[in-house]
Every structure is written in C-alpha cells, then in structure tokens.
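**Student:** Got a structure for you, written out below as structure tokens; questions coming shortly.
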Amino acid sequence: MGKIVYLMGKSSTGKDTLYKELLKQDQVRLKPVISYTTRPIRDGERDGVEYFFTDEAGYREFADKGIIVEERSYATFHGRWRYFTVDEGQFNSSAERCLMIGTLESYVRMKEYFGADRMLPVMVELDDGVRLQRALDREKLQENPRYEEMCRRFLADSEDFKESNMRQAGIDRVFRNDDLPRCLSEIIDYIAQCG
C-alpha cells in the first residue's frame, strides 16, 4: 500500500506552501488528498484545491454513508466549523504515495484508520512570533477579516501541539520552516528515505 505523507503543524507554519511545493517534486511523486470543511471559503481559495467546501447537509450525507475517516469540529466566533476526511476514492491500495495536510489530532485518527505502517508524519514548526505575524498579515488581506478566529486558533494550537501530545502520537521528527528551501529539501529527503 502507498504511504500517506501527513503534513501537520500549528497554523501559519507554512504548511500550505510546503504542500504545494512537495506536489511539484518529481523525486517524491505525491498525489494530493483533499479534506472537506464547512467553514466559509477564504479569498483566493478554490473548491477542490485547498479543501472541498461543503455545508452541514453535505457533512451529514457523508456521515450517513459511514465514509468519514476522521473529523474535527470547532466552535468558532462565526459558528461551528467542521473539518473532515472522507474515504470516497481519493485513497487507493496501490504503491502511489498521497499527501495530506491536517492536525495532530487528525493524524492520530488517520493512523488508527489506515494503520501506522501506512502513515508518514511530517511535523512542521516555526517561531510563535513569526507565525502570529504571518497569520495577521494573511487575515488583513481578507475582505472580511476574522481576527477573533485567528486568535482562537493561535491559542488552541499551543494546547493541541504540546510536546506530550506529539510524543503520544509517535512524532519523533520535526522540520523547522524558518528557511523554506532548506526545510523543503529536508522533507523531500525524509520522504525518499522513509516513504
């Protein structure tokens, strides 16, 4: 079975940029797997690229079919937002490697569903001050900035990605994204060796 390379880290660590760059790399050849969300689409996002954007009825339809692999639900300042992964054909049993972005919590659930031998965790980290500035800069560009939600996510990440949670999830390698080309190169080498 092909490995699922699972890219994760706190918000604004550069996961989206690394994801896009990894998909361009011939030496690791990764197939994108797109998760679903009920949150509103941000300026510049496209359905089926960053996420499949749906509503609560769409979520319920997948849940009723029993094909949701993992899910997270957040009470935001703008209502309840769901993020979830659906086993609707994006995964396969061939030798093809997949690439996903998620949280530590979603990684643990994916590992339970697919098995640890199929998962390859890639944890990305960055200085909190840099992350906060990146998040603020991104939010300022939105037509309707959601600063409250940005702050909630930043604070929640401190709890979600604490050291004990990472150890419990079996994360033993972390990639520091303070130099994008170096970080990307290290991740590519890691995937080539382990995947």
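Ordering of the structure tokens sets the chain letters (A, B, ...), residue numbers begin anew at 1 in every chain, and ligands are numbered from 1 in the order given.
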Mind checking which residues fall within 10 Å of Thr85 in chain A, counting only C-alpha atoms, ignoring those fewer than 5 positions away in the same chain, and posting them as a list in words?
**Tutor:** Val33, Ile34, Ser35, Tyr36, Thr37, Tyr51, Phe52, Phe62, Ile67, Ile68, Val69, Glu70, Glu71, Arg72, Gln90, Met100, Gly102, Ser106 and Met110 of chain A
**Student:** Please identify the alpha helix (DSSP H) residues within chain A (assignment by DSSP from backbone atoms) and present them as a ChimeraX atom specification.
**Tutor:** /A:15-23,56-65,104-114,128-140,147-160,163-168,180-194
**Student:** Apply DSSP to the structure's backbone, then extract all residues of chain A labelled strand (DSSP E or B) and return them as a count of residues only.
**Tutor:** 49
**Student:** In Å to one decimal, how far is CA of Lys3 in chain A from CA of Lys24 in chain A?
**Tutor:**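 Answer for the CA of Lys24 in chain A to CA of Lys3 in chain A separation: 17.4 Å.
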**Student:** Could you check which of A:Glu149, A:Leu104, A:Asp178, A:Ser164 is closest to Tyr74 in chain A, using only C-alpha atoms?
**Tutor:**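 Nearest candidate to Tyr74 in chain A out of A:Glu149, A:Leu104, A:Asp178, A:Ser164: A:Glu149.
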**Student:** Applying 12 Å and only C-alpha atoms, which residues near Asp137 in chain A remain after dropping the ones on its own chain fewer than 6 positions away? List them as a list in words.
**Tutor:**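 Surrounding residues, per the criterion: Ser12, Val130, Arg131, Pro145, Arg146, Tyr147 and Met150 of chain A.
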**Student:** If we count only C-alpha atoms and set the cut-off at 7 Å, which residues sit around Thr38 in chain A, ignoring sequence neighbours fewer than 2 positions away in its own chain? Please answer as a VMD selection string.
**Tutor:** chain A and resid 40 53 to 56 81 to 83
**Student:** May I ask which of the residues A:Ala63, A:Leu18, A:Ile4, A:Met123 is the closest one to Glu88 in chain A, counting only C-alpha atoms?
**Tutor:**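 Among the listed residues, the smallest separation from Glu88 in chain A belongs to A:Ala63.
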**Student:** In Å, with one decimal, what is the gap from CA of Ile188 in chain A to CA of Ile171 in chain A?
**Tutor:**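 Separating CA of Ile188 in chain A from CA of Ile171 in chain A is a distance of 17.2 Å.
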**Student:** Calculate how many Å separate CA of Leu120 in chain A from CA of Tyr107 in chain A, rounding to one decimal.
**Tutor:** 9.6 Å
**Student:** Pick from A:Val5, A:Arg167, A:Ser11, A:Glu96: nearest to Gly129 in chain A, with only C-alpha atoms counted?
**Tutor:**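 Looking only at the distances to Gly129 in chain A, the closest residue turns out to be A:Ser11.
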**Student:** Name the residues in contact with Ile101 in chain A at a cut-off of 7 Å, using only C-alpha atoms, excluding same-chain residues fewer than 2 positions from it; report them as number ranges by chain.
**Tutor:** A: 6-8
**Student:** Limited to C-alpha atoms, could you put the picked residues into a file as a compact mmCIF listing (two decimals), in the first residue's frame?
**Tutor:**
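The new file result_12.txt reads:
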```txt
# COMPACT_ATOMS: atom_id res chain seq x y z
CA TYR A 6 0.77 13.65 6.53
CA LEU A 7 1.87 17.29 6.77
CA MET A 8 0.93 18.99 10.01
```
**Student:** Residues near range 168-170 of chain A, anyone? I mean within 10 Å using only C-alpha atoms, not counting same-chain ones fewer than 2 positions away, as a ChimeraX atom specification.
**Tutor:** /A:104-105,107-109,111,116,121,163-166,172-173
